[in-house]
>>> print(open('model.txt').read())   # compact mmCIF, C-alpha atoms and all ligand atoms
# COMPACT_ATOMS: atom_id res chain seq x y z
CA MET T 1 83.67 111.41 100.91
CA THR T 2 83.13 108.86 98.17
CA LEU T 3 83.92 109.45 94.51
CA SER T 4 80.23 109.36 93.61
CA SER T 5 79.30 112.00 96.18
CA LYS T 6 82.14 114.22 94.89
CA LEU T 7 80.84 113.74 91.37
CA ALA T 8 77.33 114.59 92.53
CA ILE T 9 78.57 117.89 93.96
CA VAL T 10 80.47 118.73 90.75
CA PHE T 11 77.40 117.82 88.75
CA LEU T 12 75.03 119.95 90.79
CA ALA T 13 77.38 122.94 90.59
CA LEU T 14 77.65 122.56 86.82
CA ALA T 15 73.91 122.06 86.48
CA ALA T 16 73.23 125.28 88.39
CA ALA T 17 75.71 127.21 86.23
CA PHE T 18 74.37 125.70 83.04
CA ALA T 19 70.74 126.33 83.91
CA GLY T 20 71.50 129.98 84.65
CA GLY T 21 73.14 130.60 81.27
CA ALA T 22 71.02 128.48 78.97
CA SER T 23 68.71 130.00 76.42
CA ALA T 24 65.06 129.01 76.27
CA GLN T 25 64.46 125.61 74.67
CA THR T 26 61.72 124.81 72.21
CA ALA T 27 58.93 122.93 73.95
CA GLY T 28 58.73 119.23 73.20
CA ASP T 29 55.71 117.20 72.17
CA PRO T 30 54.44 114.81 74.87
CA ALA T 31 52.78 112.44 72.35
CA ARG T 32 56.07 111.88 70.50
CA GLY T 33 57.81 111.80 73.87
CA LYS T 34 55.67 108.90 75.01
CA THR T 35 56.92 106.70 72.14
CA LEU T 36 60.51 107.79 72.75
CA TYR T 37 60.20 107.14 76.50
CA PHE T 38 59.41 103.52 75.61
CA ASP T 39 61.85 103.22 72.69
CA HIS T 40 64.78 104.34 74.85
CA GLY T 41 63.84 102.07 77.72
CA CYS T 42 63.25 104.86 80.26
CA TYR T 43 60.16 103.00 81.51
CA GLY T 44 62.32 100.01 82.46
CA CYS T 45 63.94 101.93 85.31
CA HIS T 46 61.41 104.69 85.95
CA GLY T 47 58.09 102.89 85.52
CA TYR T 48 55.24 103.58 83.12
CA GLN T 49 54.24 106.71 85.01
CA GLY T 50 57.56 107.65 86.59
CA GLN T 51 56.36 106.41 89.99
CA THR T 52 58.37 103.23 90.44
CA GLY T 53 61.81 101.79 89.82
CA ALA T 54 65.29 103.21 90.26
CA ARG T 55 64.22 106.82 90.72
CA ASN T 56 60.82 108.51 90.71
CA LEU T 57 60.27 111.18 88.08
CA VAL T 58 57.18 112.66 89.69
CA GLY T 59 56.41 114.13 93.11
CA THR T 60 60.10 114.53 93.97
CA ASN T 61 60.65 118.31 93.68
CA SER T 62 63.87 117.41 91.92
CA PRO T 63 65.69 120.37 90.34
CA ILE T 64 66.72 118.04 87.51
CA ILE T 65 63.22 117.92 86.10
CA ALA T 66 62.17 121.43 87.08
CA LYS T 67 63.63 122.92 83.89
CA PRO T 68 64.26 121.45 80.43
CA GLU T 69 67.80 122.91 80.36
CA VAL T 70 68.82 121.05 83.51
CA PHE T 71 67.16 117.86 82.29
CA LEU T 72 69.18 118.03 79.04
CA PHE T 73 72.34 118.74 81.01
CA PHE T 74 71.67 115.73 83.24
CA LEU T 75 71.21 113.47 80.19
CA ARG T 76 74.39 114.78 78.55
CA GLN T 77 76.81 115.06 81.44
CA ARG T 78 78.37 111.63 80.98
CA GLY T 79 77.43 111.04 77.35
CA ASN T 80 78.83 114.30 75.95
CA PHE T 81 81.08 115.89 78.54
CA LEU T 82 82.55 113.18 80.72
CA PRO T 83 82.40 110.03 78.59
CA MET T 84 85.32 108.44 80.47
CA ILE T 85 83.56 108.49 83.82
CA PRO T 86 82.04 105.05 84.41
CA SER T 87 78.28 104.85 84.47
CA THR T 88 76.46 104.70 87.75
CA ALA T 89 73.11 103.06 87.17
CA MET T 90 71.59 105.33 84.53
CA PRO T 91 72.87 104.77 80.99
CA ARG T 92 74.59 107.58 79.08
CA PHE T 93 72.40 109.46 76.64
CA SER T 94 74.66 111.55 74.39
CA GLU T 95 73.29 114.01 71.87
CA LYS T 96 74.16 111.51 69.14
CA ALA T 97 72.10 108.73 70.74
CA LEU T 98 69.17 110.96 71.74
CA PRO T 99 69.15 114.36 69.98
CA ASP T 100 67.86 117.46 71.82
CA PRO T 101 64.45 117.67 70.05
CA GLN T 102 63.65 114.07 71.01
CA ALA T 103 64.99 114.52 74.54
CA LEU T 104 62.70 117.55 74.90
CA ASP T 105 59.76 115.46 73.68
CA ILE T 106 60.55 112.96 76.45
CA TYR T 107 60.81 115.85 78.90
CA ALA T 108 57.35 117.07 77.83
CA TYR T 109 55.99 113.55 78.35
CA ILE T 110 57.57 113.21 81.80
CA LYS T 111 55.96 116.51 82.78
CA THR T 112 52.51 114.98 82.12
CA PHE T 113 53.07 112.37 84.87
CA LYS T 114 50.76 112.78 87.85
CA LEU T 115 51.50 111.35 91.25
CA ASP T 116 48.50 109.10 91.92
CA ALA T 117 49.94 106.35 94.12
CA PRO T 118 48.06 106.25 97.44
CA ASP T 119 49.88 107.23 100.61
CA VAL T 120 51.25 104.09 102.32
CA ALA T 121 49.73 105.19 105.65
CA SER T 122 46.26 105.13 104.06
CA ILE T 123 46.48 101.38 103.27
CA PRO T 124 45.84 99.34 106.48
CA VAL T 125 47.57 96.17 105.24
CA MET T 126 50.74 98.16 104.49
CA GLY T 127 50.81 99.25 108.14
CA GLN T 128 50.47 95.60 109.23
CA ILE T 129 53.30 94.52 106.91
CA GLU T 130 55.48 97.34 108.21
CA ALA T 131 54.76 96.44 111.86
CA SER T 132 55.38 92.76 111.19
CA ALA T 133 58.68 93.51 109.45
CA ALA T 134 59.74 95.73 112.37
CA ARG T 135 58.95 92.94 114.86
CA ALA T 136 60.88 90.38 112.77
CA TYR T 137 63.81 92.78 112.57
CA GLN T 138 63.81 93.35 116.34
CA ALA T 139 63.53 89.61 117.02
CA GLY T 140 66.45 88.86 114.72
CA ARG T 141 68.88 91.30 116.33
C1 LIG T 201 69.08 101.18 83.57
C2 LIG T 201 68.18 102.04 84.32
C3 LIG T 201 67.80 103.40 83.77
C4 LIG T 201 67.34 103.74 82.53
C5 LIG T 201 67.14 102.84 81.31
C6 LIG T 201 67.04 105.15 82.58
N1 LIG T 201 67.31 105.64 83.83
FE1 LIG T 201 67.00 107.55 84.45
N2 LIG T 201 67.85 107.12 86.25
C7 LIG T 201 68.29 105.86 86.64
C8 LIG T 201 68.93 105.98 87.94
C9 LIG T 201 69.54 104.84 88.72
C10 LIG T 201 68.86 107.33 88.30
C11 LIG T 201 69.46 107.98 89.55
C12 LIG T 201 70.70 108.77 89.19
C13 LIG T 201 71.82 107.96 88.56
O1 LIG T 201 72.23 106.94 89.11
O2 LIG T 201 72.31 108.33 87.48
C14 LIG T 201 68.17 108.00 87.23
C15 LIG T 201 67.85 109.34 87.25
C16 LIG T 201 67.07 109.98 86.29
C17 LIG T 201 66.61 111.33 86.36
C18 LIG T 201 66.85 112.29 87.52
C19 LIG T 201 65.81 111.99 88.56
C20 LIG T 201 65.81 113.02 89.65
O3 LIG T 201 66.05 112.66 90.81
O4 LIG T 201 65.58 114.16 89.32
C21 LIG T 201 65.90 111.59 85.23
C22 LIG T 201 65.18 112.88 84.87
C23 LIG T 201 65.95 110.39 84.42
N3 LIG T 201 66.67 109.44 85.10
C24 LIG T 201 65.37 110.27 83.18
C25 LIG T 201 65.55 109.17 82.35
C26 LIG T 201 65.13 109.13 80.96
C27 LIG T 201 64.44 110.26 80.23
C28 LIG T 201 65.47 107.90 80.48
C29 LIG T 201 65.32 107.38 79.08
C30 LIG T 201 65.86 108.21 78.01
C31 LIG T 201 66.10 107.17 81.58
N4 LIG T 201 66.12 107.98 82.68
C32 LIG T 201 66.55 105.87 81.50
C33 LIG T 201 68.15 104.70 85.92
C34 LIG T 201 67.78 104.61 84.59
>>> encode(input="model.txt", output="structure tokens")
Amino acid sequence: MTLSSKLAIVFLALAAAFAGGASAQTAGDPARGKTLYFDHGCYGCHGYQGQTGARNLVGTNSPIIAKPEVFLFFLRQRGNFLPMIPSTAMPRFSEKALPDPQALDIYAYIKTFKLDAPDVASIPVMGQIEASAARAYQAGR
């Protein structure tokens, strides 16, 4: 088991515990959240609509974005609680760098994202590219 998978397990356990005990958060404002989403560079890794990049923020059924409490916990885990643990790919967002009210505004904005990318199988040329890549892969083995 790698260090990162161990950390993922610790994180998920803590997130579950935290989400169970957290009090209700004040709802954020998606219009302010939109500006903050750009100001903090979230779009650079998650796309303008959360549908591209390092990790999708829509259509994933992820528990991290199911509840604002878990979202905040995810943002804070390395920034506030475990600042010595080296970053993976997502930057740290401590409470100092991105206070709760603003983080909740971003959360409200993320929740407005709608999955509208077409299914790959519905685009004929994508099927051709896929088949061609599979043939090239087989030929190269
Ligand atoms: C430099 C790239 C980068 C930036 C900038 C970034 N993220 Fe991420 N984000 C990632 C990566 C990579 C992951 C996957 C988990 C990890 O490695 O930490 C992730 C995961 C997430 C997740 C969890 C997704 C899931 O599977 O549920 C959320 C939510 C998220 N980011 C929100 C944000 C927000 C909000 C911002 C801006 C404040 C932001 N990210 C900025 C790279 C980035």
>>> residues_near_ligand(input="model.txt", ligand="ligand LIG 201 (chain T)", cutoff="9 Å", atoms="all atoms listed in the file", output="VMD selection string")
chain T and resid 36 to 46 50 53 to 58 60 to 66 71 to 72 74 to 75 87 to 93 98 103 106 to 107 110
>>> atom_distance(input="model.txt", atom1="CA of Gln102 in chain T", atom2="CA of Pro83 in chain T")
20.6 Å
>>> atom_distance(input="model.txt", atom1="CA of Glu69 in chain T", atom2="CA of Ile85 in chain T")
21.6 Å
>>> atom_distance(input="model.txt", atom1="CA of Ala27 in chain T", atom2="CA of Phe73 in chain T")
15.7 Å
>>> closest_residue(input="model.txt", among="T:Lys34, T:Lys96, T:Arg135, T:Arg141", to="Lys111 in chain T", atoms="only C-alpha atoms")
T:Lys34
